[in-house]
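File shown here: work21.cif, holding mmCIF, C-alpha atoms.
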data_input
loop_
_atom_site.label_atom_id
_atom_site.label_comp_id
_atom_site.auth_asym_id
_atom_site.auth_seq_id
_atom_site.Cartn_x
_atom_site.Cartn_y
_atom_site.Cartn_z
CA MET A 1 0.00 0.00 0.00
CA SER A 2 2.97 2.30 0.45
CA ASP A 3 3.25 2.57 -3.34
CA LEU A 4 -0.26 3.95 -3.74
CA ASP A 5 -0.80 7.40 -5.16
CA PRO A 6 -1.79 9.87 -2.37
CA ILE A 7 -5.16 10.47 -4.03
CA ASP A 8 -5.84 6.72 -4.12
CA ARG A 9 -4.91 6.46 -0.45
CA TRP A 10 -7.44 9.20 0.37
CA ARG A 11 -10.06 7.33 -1.71
CA LEU A 12 -9.53 4.25 0.48
CA VAL A 13 -9.57 6.25 3.71
CA LEU A 14 -12.70 8.25 2.91
CA GLY A 15 -14.59 5.58 1.01
CA GLN A 16 -17.87 6.48 -0.67
CA ALA A 17 -17.75 10.01 0.75
CA SER A 18 -14.86 10.88 -1.57
CA GLU A 19 -16.49 9.86 -4.85
CA ALA A 20 -18.08 13.22 -5.61
CA VAL A 21 -14.68 14.94 -5.49
CA LEU A 22 -12.09 12.25 -6.24
CA GLY A 23 -14.14 9.89 -8.40
CA ARG A 24 -13.91 6.11 -8.22
CA GLY A 25 -10.58 4.31 -8.23
CA GLU A 26 -9.62 1.88 -10.97
CA GLY A 27 -8.04 -1.56 -11.14
CA GLU A 28 -6.46 -2.73 -7.89
CA VAL A 29 -7.59 0.42 -6.07
CA SER A 30 -11.19 -0.37 -7.01
CA ALA A 31 -10.77 -3.93 -5.71
CA MET A 32 -9.29 -2.61 -2.45
CA ASP A 33 -12.15 -0.16 -2.08
CA ALA A 34 -14.70 -2.94 -2.67
CA ALA A 35 -13.06 -5.16 -0.03
CA LEU A 36 -12.98 -2.33 2.52
CA SER A 37 -16.55 -1.32 1.71
CA TRP A 38 -17.76 -4.91 2.15
CA LEU A 39 -16.65 -4.68 5.74
CA TYR A 40 -16.93 -1.04 6.80
CA ASP A 41 -20.08 -0.01 4.92
CA ARG A 42 -22.05 -1.99 7.50
CA ASP A 43 -20.97 0.49 10.21
CA PRO A 44 -24.05 2.17 11.83
CA SER A 45 -22.40 5.58 11.39
CA MET A 46 -22.90 5.24 7.62
CA ALA A 47 -26.65 5.76 8.04
CA GLU A 48 -26.09 8.71 10.37
CA ARG A 49 -23.87 10.32 7.72
CA ASP A 50 -26.55 9.59 5.08
CA LEU A 51 -24.12 7.31 3.19
CA HIS A 52 -25.56 4.16 1.73
CA THR A 53 -24.02 1.11 0.19
CA ARG A 54 -23.35 1.58 -3.50
CA GLU A 55 -25.66 0.00 -6.01
CA GLY A 56 -24.16 -1.76 -9.00
CA GLY A 57 -20.55 -1.66 -10.06
CA PRO A 58 -17.78 -3.47 -8.21
CA GLY A 59 -19.48 -2.95 -4.85
CA PRO A 60 -19.14 -5.01 -1.71
CA SER A 61 -22.33 -6.99 -2.27
CA THR A 62 -20.56 -9.01 -4.98
CA LEU A 63 -18.26 -10.67 -2.40
CA THR A 64 -19.04 -13.76 -0.34
CA VAL A 65 -17.23 -14.34 2.96
CA PRO A 66 -14.62 -16.78 1.50
CA GLU A 67 -14.09 -14.49 -1.50
CA TRP A 68 -13.57 -11.52 0.81
CA ILE A 69 -11.01 -13.44 2.88
CA HIS A 70 -9.13 -14.39 -0.27
CA ALA A 71 -9.36 -10.86 -1.70
CA ILE A 72 -7.88 -9.07 1.31
CA HIS A 73 -4.94 -11.48 1.34
CA GLU A 74 -4.30 -10.70 -2.30
CA LEU A 75 -4.59 -6.93 -1.88
CA PHE A 76 -3.23 -5.88 1.52
CA PRO A 77 -0.08 -6.36 3.62
CA GLN A 78 -0.05 -8.73 6.59
CA ASP A 79 -0.65 -6.16 9.32
CA THR A 80 -3.66 -4.74 7.46
CA ILE A 81 -5.06 -8.25 6.90
CA GLU A 82 -4.86 -9.02 10.62
CA ARG A 83 -6.70 -5.76 11.42
CA LEU A 84 -9.42 -6.44 8.86
CA GLN A 85 -9.99 -9.99 10.11
CA THR A 86 -10.07 -8.80 13.71
CA ASP A 87 -12.59 -6.05 12.87
CA ALA A 88 -14.75 -8.54 10.95
CA VAL A 89 -14.98 -10.87 13.94
CA GLU A 90 -14.85 -8.51 16.92
CA ARG A 91 -16.26 -5.20 15.66
CA TYR A 92 -18.88 -6.34 13.17
CA HIS A 93 -19.46 -9.83 14.53
CA ILE A 94 -19.23 -11.56 11.16
CA ASP A 95 -19.15 -14.91 12.88
CA GLU A 96 -19.32 -16.83 9.59
CA VAL A 97 -15.67 -16.02 9.03
CA VAL A 98 -14.49 -18.30 11.82
CA THR A 99 -17.44 -19.96 13.56
CA ASP A 100 -20.12 -21.05 11.10
CA PRO A 101 -19.43 -24.47 9.52
CA ALA A 102 -22.37 -23.89 7.16
CA ILE A 103 -20.18 -21.45 5.22
CA LEU A 104 -17.72 -24.24 4.54
CA GLU A 105 -20.45 -26.86 4.01
CA GLN A 106 -22.14 -24.79 1.30
CA ALA A 107 -18.97 -23.57 -0.37
CA VAL A 108 -17.66 -25.25 -3.50
CA PRO A 109 -14.21 -26.61 -2.61
CA SER A 110 -11.53 -24.85 -4.61
CA GLU A 111 -7.94 -23.75 -4.29
CA SER A 112 -9.15 -20.22 -3.57
CA LEU A 113 -11.27 -21.49 -0.66
CA LEU A 114 -8.41 -23.70 0.50
CA GLN A 115 -6.15 -20.66 0.67
CA ALA A 116 -8.76 -18.74 2.68
CA VAL A 117 -9.09 -21.65 5.12
CA LEU A 118 -5.35 -21.95 5.61
CA ARG A 119 -5.01 -18.22 6.20
CA THR A 120 -7.67 -18.16 8.93
CA LYS A 121 -7.35 -21.61 10.52
CA HIS A 122 -5.68 -20.11 13.60
CA LEU A 123 -8.92 -18.18 14.29
CA MET A 124 -11.27 -21.16 13.97
CA ASN A 125 -12.92 -23.05 16.80
CA GLU A 126 -12.66 -26.86 16.89
CA LYS A 127 -15.96 -27.48 15.09
CA VAL A 128 -15.12 -25.21 12.17
CA LEU A 129 -11.56 -26.52 12.07
CA ALA A 130 -12.91 -30.04 11.62
CA MET A 131 -15.06 -28.83 8.73
CA ALA A 132 -12.11 -26.92 7.29
CA ARG A 133 -10.01 -30.07 7.36
CA LYS A 134 -12.63 -31.79 5.17
CA ILE A 135 -12.38 -28.94 2.66
CA ILE A 136 -8.60 -29.27 2.65
CA GLN A 137 -8.85 -33.04 2.18
CA GLN A 138 -11.17 -32.73 -0.81
CA VAL A 139 -9.12 -30.10 -2.63
CA VAL A 140 -5.87 -31.93 -1.90
CA ARG A 141 -7.38 -35.21 -3.14
CA GLU A 142 -8.32 -33.56 -6.45
CA LEU A 143 -4.84 -32.05 -6.77
CA MET A 144 -3.24 -35.39 -5.95
CA GLU A 145 -5.25 -37.15 -8.65
CA ARG A 146 -4.21 -34.60 -11.25
CA LEU A 147 -0.59 -34.20 -10.22
CA ALA A 148 -0.03 -37.91 -9.70
CA VAL A 149 -0.77 -38.50 -13.39
CA GLU A 150 1.68 -35.77 -14.39
CA VAL A 151 4.38 -37.16 -12.10
CA ARG A 152 3.85 -40.74 -13.33
CA THR A 153 4.04 -39.56 -16.93
CA ALA A 154 7.38 -37.88 -16.23
CA PHE A 155 8.89 -40.88 -14.45
CA THR A 156 7.49 -44.01 -16.11
CA GLY A 157 9.26 -43.31 -19.38
CA THR A 158 7.99 -42.64 -22.88
CA LEU A 159 6.84 -45.32 -25.25
CA ASP A 160 9.69 -46.71 -27.37
CA ARG A 161 7.92 -47.60 -30.62
CA ARG A 162 11.05 -49.29 -31.98
CA ARG A 163 10.86 -52.05 -29.36
CA ARG A 164 7.96 -54.42 -28.71
CA SER A 165 6.91 -55.48 -25.23
CA ALA A 166 5.67 -58.83 -23.96
CA HIS A 167 3.91 -57.00 -21.12
CA LYS A 168 0.40 -56.62 -22.51
CA ILE A 169 -0.83 -53.84 -20.22
CA ALA A 170 -2.85 -50.74 -21.06
CA ALA A 171 0.06 -48.40 -20.30
CA ASN A 172 2.12 -50.06 -23.09
CA PHE A 173 -0.67 -50.24 -25.69
CA ASP A 174 0.44 -48.64 -28.99
CA LEU A 175 -2.83 -47.51 -30.59
CA ARG A 176 -1.30 -45.92 -33.71
CA THR A 177 0.78 -48.97 -34.68
CA THR A 178 -2.10 -51.32 -33.85
CA LEU A 179 -4.44 -49.45 -36.21
CA ARG A 180 -1.85 -49.34 -38.98
CA THR A 181 -1.07 -53.04 -38.61
CA ASN A 182 -4.74 -54.09 -38.79
CA LEU A 183 -5.97 -51.77 -41.57
CA LYS A 184 -5.97 -54.70 -44.03
CA HIS A 185 -8.74 -56.24 -41.93
CA TYR A 186 -11.09 -53.28 -42.37
CA ASP A 187 -14.62 -54.35 -43.46
CA PRO A 188 -16.14 -51.52 -45.64
CA ALA A 189 -19.61 -53.09 -45.67
CA ARG A 190 -19.89 -53.23 -41.89
CA ARG A 191 -17.61 -50.19 -41.42
CA ARG A 192 -15.64 -52.06 -38.79
CA LEU A 193 -11.97 -52.69 -38.17
CA VAL A 194 -11.16 -56.17 -36.93
CA LEU A 195 -8.15 -56.20 -34.62
CA GLU A 196 -6.31 -59.48 -35.12
CA ARG A 197 -3.12 -58.35 -33.38
CA ALA A 198 -2.68 -55.69 -30.69
CA VAL A 199 0.74 -54.07 -30.52
CA PHE A 200 2.44 -53.19 -27.24
CA SER A 201 5.60 -51.10 -27.06
CA SER A 202 8.26 -51.26 -24.37
CA ARG A 203 9.26 -48.22 -22.36
CA ALA A 204 12.55 -46.42 -22.07
CA ARG A 205 14.13 -47.16 -18.72
CA ARG A 206 14.69 -44.50 -16.10
CA HIS A 207 17.73 -44.52 -13.86
CA SER A 208 16.72 -46.47 -10.76
CA GLU A 209 19.34 -45.35 -8.20
CA LYS A 210 18.16 -43.31 -5.26
CA TRP A 211 18.19 -39.52 -5.51
CA GLN A 212 17.47 -36.97 -2.79
CA ILE A 213 14.91 -34.26 -3.41
CA ILE A 214 15.06 -31.58 -0.70
CA ILE A 215 12.12 -29.15 -0.96
CA LEU A 216 12.35 -25.93 1.09
CA VAL A 217 9.17 -23.82 1.14
CA ASP A 218 8.93 -20.16 2.19
CA GLN A 219 5.93 -19.71 4.53
CA SER A 220 5.33 -16.03 3.68
CA GLY A 221 1.70 -15.32 2.74
CA SER A 222 2.45 -14.60 -0.92
CA MET A 223 3.88 -18.11 -1.34
CA LEU A 224 0.72 -19.90 -0.16
CA PRO A 225 -0.26 -21.28 -3.62
CA SER A 226 3.29 -22.60 -3.97
CA THR A 227 3.10 -24.17 -0.52
CA ILE A 228 -0.07 -26.04 -1.48
CA HIS A 229 1.39 -27.40 -4.70
CA ALA A 230 4.74 -28.17 -3.10
CA SER A 231 3.07 -30.28 -0.41
CA VAL A 232 1.07 -32.25 -2.96
CA THR A 233 3.97 -32.61 -5.40
CA ALA A 234 6.28 -33.80 -2.59
CA ALA A 235 3.76 -36.50 -1.69
CA CYS A 236 3.62 -37.64 -5.32
CA LEU A 237 7.42 -37.74 -5.59
CA HIS A 238 7.73 -39.58 -2.28
CA GLY A 239 5.85 -42.52 -3.73
CA LEU A 240 8.53 -43.13 -6.38
CA PRO A 241 11.02 -45.89 -5.51
CA GLN A 242 14.06 -44.05 -6.90
CA ILE A 243 13.56 -40.87 -4.84
CA ARG A 244 14.02 -39.95 -1.17
CA THR A 245 12.02 -36.79 -0.53
CA HIS A 246 12.49 -34.20 2.23
CA LEU A 247 9.98 -31.40 2.83
CA CYS A 248 10.72 -28.37 5.04
CA VAL A 249 8.94 -25.05 5.55
CA PHE A 250 10.59 -21.93 6.88
CA ASP A 251 10.25 -18.30 7.97
CA THR A 252 12.97 -17.23 10.40
CA GLU A 253 13.05 -20.84 11.64
CA VAL A 254 13.01 -24.14 9.74
CA VAL A 255 10.45 -26.88 10.39
CA ASP A 256 11.16 -30.30 8.91
CA LEU A 257 7.86 -31.89 7.83
CA THR A 258 9.40 -34.89 6.09
CA HIS A 259 7.59 -37.28 8.45
CA HIS A 260 4.30 -35.80 7.13
CA VAL A 261 5.33 -35.80 3.46
CA THR A 262 2.89 -38.60 2.58
CA ASP A 263 0.02 -36.60 4.11
CA PRO A 264 -0.30 -33.18 2.39
CA VAL A 265 -3.34 -32.33 4.53
CA GLU A 266 -1.36 -32.68 7.75
CA THR A 267 1.50 -30.73 6.19
CA LEU A 268 -0.76 -27.82 5.30
CA MET A 269 -2.42 -27.83 8.72
CA LYS A 270 1.02 -27.25 10.25
CA VAL A 271 1.95 -24.34 7.98
CA GLN A 272 2.11 -20.99 9.81
CA LEU A 273 1.86 -18.13 7.31
CA GLY A 274 3.56 -14.79 7.76
CA GLY A 275 6.51 -13.73 9.88
CA GLY A 276 10.03 -12.94 8.76
CA THR A 277 12.10 -14.77 6.17
CA ASP A 278 15.57 -16.26 6.63
CA ILE A 279 16.30 -18.08 3.38
CA ALA A 280 19.97 -18.58 4.20
CA ARG A 281 19.12 -20.53 7.35
CA ALA A 282 16.73 -22.76 5.39
CA VAL A 283 19.35 -23.48 2.71
CA SER A 284 21.90 -24.21 5.43
CA TYR A 285 19.54 -26.78 6.96
CA GLY A 286 18.81 -28.27 3.53
CA ALA A 287 22.53 -28.55 2.83
CA SER A 288 22.98 -30.50 6.06
CA LEU A 289 20.57 -33.15 4.71
CA VAL A 290 22.57 -33.81 1.53
CA ALA A 291 24.08 -37.29 1.65
CA SER A 292 25.49 -37.62 -1.88
CA PRO A 293 25.96 -34.17 -3.46
CA ARG A 294 25.93 -35.36 -7.07
CA ARG A 295 22.69 -37.23 -6.53
CA ALA A 296 20.82 -34.45 -4.74
CA ILE A 297 18.37 -31.79 -5.95
CA MET A 298 17.48 -28.85 -3.73
CA VAL A 299 14.21 -27.13 -4.64
CA LEU A 300 13.84 -23.71 -2.98
CA LEU A 301 10.39 -22.10 -3.22
CA THR A 302 10.68 -18.45 -2.28
CA ASP A 303 10.31 -14.89 -3.55
CA LEU A 304 14.01 -14.38 -2.64
CA TYR A 305 13.25 -11.31 -0.53
CA GLU A 306 15.88 -12.23 2.04
CA GLY A 307 15.37 -11.08 5.60
CA GLY A 308 18.52 -12.84 6.76
CA ASP A 309 22.10 -12.73 5.49
CA ALA A 310 22.07 -12.57 1.68
CA ARG A 311 25.86 -13.04 1.50
CA TRP A 312 25.58 -16.27 3.49
CA LEU A 313 22.83 -17.46 1.15
CA ILE A 314 24.97 -16.71 -1.92
CA GLN A 315 27.96 -18.54 -0.44
CA GLN A 316 25.90 -21.63 0.36
CA VAL A 317 24.39 -21.81 -3.13
CA ARG A 318 27.90 -21.42 -4.57
CA ASP A 319 29.12 -24.32 -2.42
CA LEU A 320 26.15 -26.52 -3.31
CA CYS A 321 26.54 -25.95 -7.05
CA SER A 322 30.31 -26.47 -6.93
CA GLN A 323 29.91 -29.85 -5.20
CA GLY A 324 27.49 -31.03 -7.89
CA THR A 325 24.14 -30.54 -6.15
CA LYS A 326 21.42 -29.24 -8.47
CA VAL A 327 19.80 -26.12 -7.01
CA LEU A 328 16.39 -25.10 -8.35
CA VAL A 329 14.96 -21.76 -7.13
CA LEU A 330 11.24 -21.41 -7.89
CA ALA A 331 9.49 -18.07 -7.54
CA ALA A 332 6.11 -19.77 -7.96
CA LEU A 333 4.73 -23.26 -8.13
CA ASP A 334 1.08 -22.75 -8.99
CA ASP A 335 -0.67 -23.46 -12.29
CA ASN A 336 -0.17 -19.86 -13.44
CA ALA A 337 3.51 -19.87 -12.45
CA ALA A 338 3.48 -16.08 -12.19
CA PRO A 339 6.98 -15.04 -11.02
CA ASP A 340 7.35 -12.44 -8.28
CA TYR A 341 10.81 -12.40 -6.76
CA ASP A 342 13.98 -10.38 -6.13
CA ARG A 343 15.38 -10.52 -9.65
CA GLN A 344 18.76 -9.11 -8.71
CA LEU A 345 19.40 -11.84 -6.13
CA GLY A 346 17.89 -14.37 -8.51
CA GLN A 347 20.35 -13.37 -11.24
CA THR A 348 23.24 -13.67 -8.78
CA LEU A 349 22.21 -17.21 -7.87
CA ALA A 350 21.70 -18.12 -11.53
CA ASP A 351 25.22 -16.91 -12.31
CA LEU A 352 26.49 -19.36 -9.67
CA GLY A 353 24.84 -22.27 -11.46
CA ALA A 354 21.38 -22.44 -9.89
CA PHE A 355 18.28 -22.67 -12.06
CA VAL A 356 16.06 -19.70 -11.20
CA GLY A 357 12.56 -19.20 -12.58
CA ALA A 358 8.97 -20.33 -12.30
CA MET A 359 7.28 -23.53 -13.38
CA THR A 360 4.11 -25.52 -12.85
CA PRO A 361 4.07 -28.76 -10.82
CA ALA A 362 4.05 -30.76 -14.06
CA HIS A 363 7.21 -29.02 -15.23
CA LEU A 364 8.85 -29.54 -11.84
CA ALA A 365 8.22 -33.29 -12.09
CA GLN A 366 9.66 -33.33 -15.60
CA PHE A 367 12.70 -31.31 -14.43
CA VAL A 368 13.37 -33.81 -11.65
CA ALA A 369 12.89 -36.75 -14.04
CA ASP A 370 15.36 -35.21 -16.51
CA CYS A 371 17.91 -34.81 -13.70
CA LEU A 372 17.51 -38.46 -12.74
CA ARG A 373 18.21 -39.54 -16.30
#
As structure tokens, how would this structure be written, given the file I've shared?
Amino acid sequence: MSDLDPIDRWRLVLGQASEAVLGRGEGEVSAMDAALSWLYDRDPSMAERDLHTREGGPGPSTLTVPEWIHAIHELFPQDTIERLQTDAVERYHIDEVVTDPAILEQAVPSESLLQAVLRTKHLMNEKVLAMARKIIQQVVRELMERLAVEVRTAFTGTLDRRRRSAHKIAANFDLRTTLRTNLKHYDPARRRLVLERAVFSSRARRHSEKWQIIILVDQSGSMLPSTIHASVTAACLHGLPQIRTHLCVFDTEVVDLTHHVTDPVETLMKVQLGGGTDIARAVSYGASLVASPRRAIMVLLTDLYEGGDARWLIQQVRDLCSQGTKVLVLAALDDNAAPDYDRQLGQTLADLGAFVGAMTPAHLAQFVADCLR
């Protein structure tokens, strides 16, 4: 918010009262105004001042409670978010935010709702928390089903059409070659193709020796989508026989969640969003886990806005790369893979040999598979 134009800041402070003089804000300012109006337009003083909720346009009535929770986390800094949530519960008694399980029962499970749940779980009572866990389980299950296919595709190997396989399983079925081989048996009168011989292709082998995948996840609020996908992706990778997966989350401290890596729901329930960021400390801990440097991949999910010692971070990445460990710095790990990170520090780490960028979970799985080959 510190980057806002002074006029836009006054628009947000004064709300509807400023429209006659300042006009309505646009873009992100309009979204901020709508989120603030959703909450503060219900104040009794609005009627006393003869100010009424706007009709039409991007007004507050277009937001549901989960959407409002998600919106304020997208638009405002952490201290403002905490104040807004506190006002919603204590000042305006919007109990649905943290106490009404019907809100979660009626909501359509989605990643947006999952993010809202994770951001407010510390405010929930036990009954709502139990309902929230069900929401998390459903969304995670859907993500697992989708990502598991992408991970299996990356690791099972591609069809090798030059070699035939005696293993007649669906995964090895070569439809194109089967159709071509049986075209001579096509019956024009009945318009049917008789398959006399099904063709199955073998698969290219992947390297089967154990590799270490060490995933370090920044717990800052902006990295929440990445945290969700990292937890699910780590669980998918953990199920592969050739990989030993470690999963850690960090702010100014590091928490090793490897013992929960097979349970993304439990992992996410233990995530504590916000706080400072000490990336160097996390990398130091990750480096201590490396058993065989040339068979290790460190995946660092962070925006690279270092709150600790940047020089120590640079030195550790230099040491890791020089010993043969592959270092992958991801600014985002959601389906949009929209990068938002300290590009100067990112360039420094890239010059040392780290891969720095953004990719989807599917691309991460393929990257790891390529390293293993």
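For the pair atom CA of Val89 of chain A and atom CA of Pro77 of chain A, the separation is 18.7 Å.
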So that each row is one residue of segment 212-329 of chain A with an atom at most 12 Å from segment 60-74 of chain A, can you give its shortest atom pair and the distance in Å to one decimal, using only C-alpha atoms, rows by chain and rising number, as JSON lines?
{"residue": "A:Ser220", "atom": "CA", "partner": "A:His73", "partner_atom": "CA", "distance": 11.5}
{"residue": "A:Gly221", "atom": "CA", "partner": "A:His73", "partner_atom": "CA", "distance": 7.8}
{"residue": "A:Ser222", "atom": "CA", "partner": "A:Glu74", "partner_atom": "CA", "distance": 7.9}
{"residue": "A:Met223", "atom": "CA", "partner": "A:Glu74", "partner_atom": "CA", "distance": 11.1}
{"residue": "A:Leu224", "atom": "CA", "partner": "A:His73", "partner_atom": "CA", "distance": 10.3}
{"residue": "A:Pro225", "atom": "CA", "partner": "A:Glu74", "partner_atom": "CA", "distance": 11.4}
{"residue": "A:Leu273", "atom": "CA", "partner": "A:His73", "partner_atom": "CA", "distance": 11.2}
{"residue": "A:Gly274", "atom": "CA", "partner": "A:His73", "partner_atom": "CA", "distance": 11.2}
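Residue nearest Val368 of chain A, chosen from A:Met124, A:Glu145, A:Ile213, A:Asp95 and counting all atoms listed in the file: A:Ile213.
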Counting all atoms listed in the file, which residues in segment 293-317 of chain A sit no more than 10 Å from segment 227-237 of chain A? For each one, give the nearest pair of atoms and the distance in Å, sorted by chain then residue number, as a tab-separated table.
residue	atom	partner	partner_atom	distance
A:Val299	CA	A:Ala230	CA	9.7
A:Leu301	CA	A:Thr227	CA	8.0
A:Thr302	CA	A:Thr227	CA	9.7
Store the residues picked out above, limited to C-alpha atoms, as a short mmCIF file (atom, residue, chain, number, x, y, z; two decimals), in the frame of the given file.
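Contents of out35.cif, as written:
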data_model
loop_
_atom_site.label_atom_id
_atom_site.label_comp_id
_atom_site.auth_asym_id
_atom_site.auth_seq_id
_atom_site.Cartn_x
_atom_site.Cartn_y
_atom_site.Cartn_z
CA VAL A 299 14.21 -27.13 -4.64
CA LEU A 301 10.39 -22.10 -3.22
CA THR A 302 10.68 -18.45 -2.28
#
**Prompt:** Counting all atoms listed in the file, which of A:Leu114, A:Leu39, A:Gly308, A:Pro101 gets nearest to Ala88 of chain A?
**Reply:**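 Closest to Ala88 of chain A of all the choices is A:Leu39.
Note that atom CA of Val327 of chain A and atom CA of Gly353 of chain A are 7.7 Å apart.
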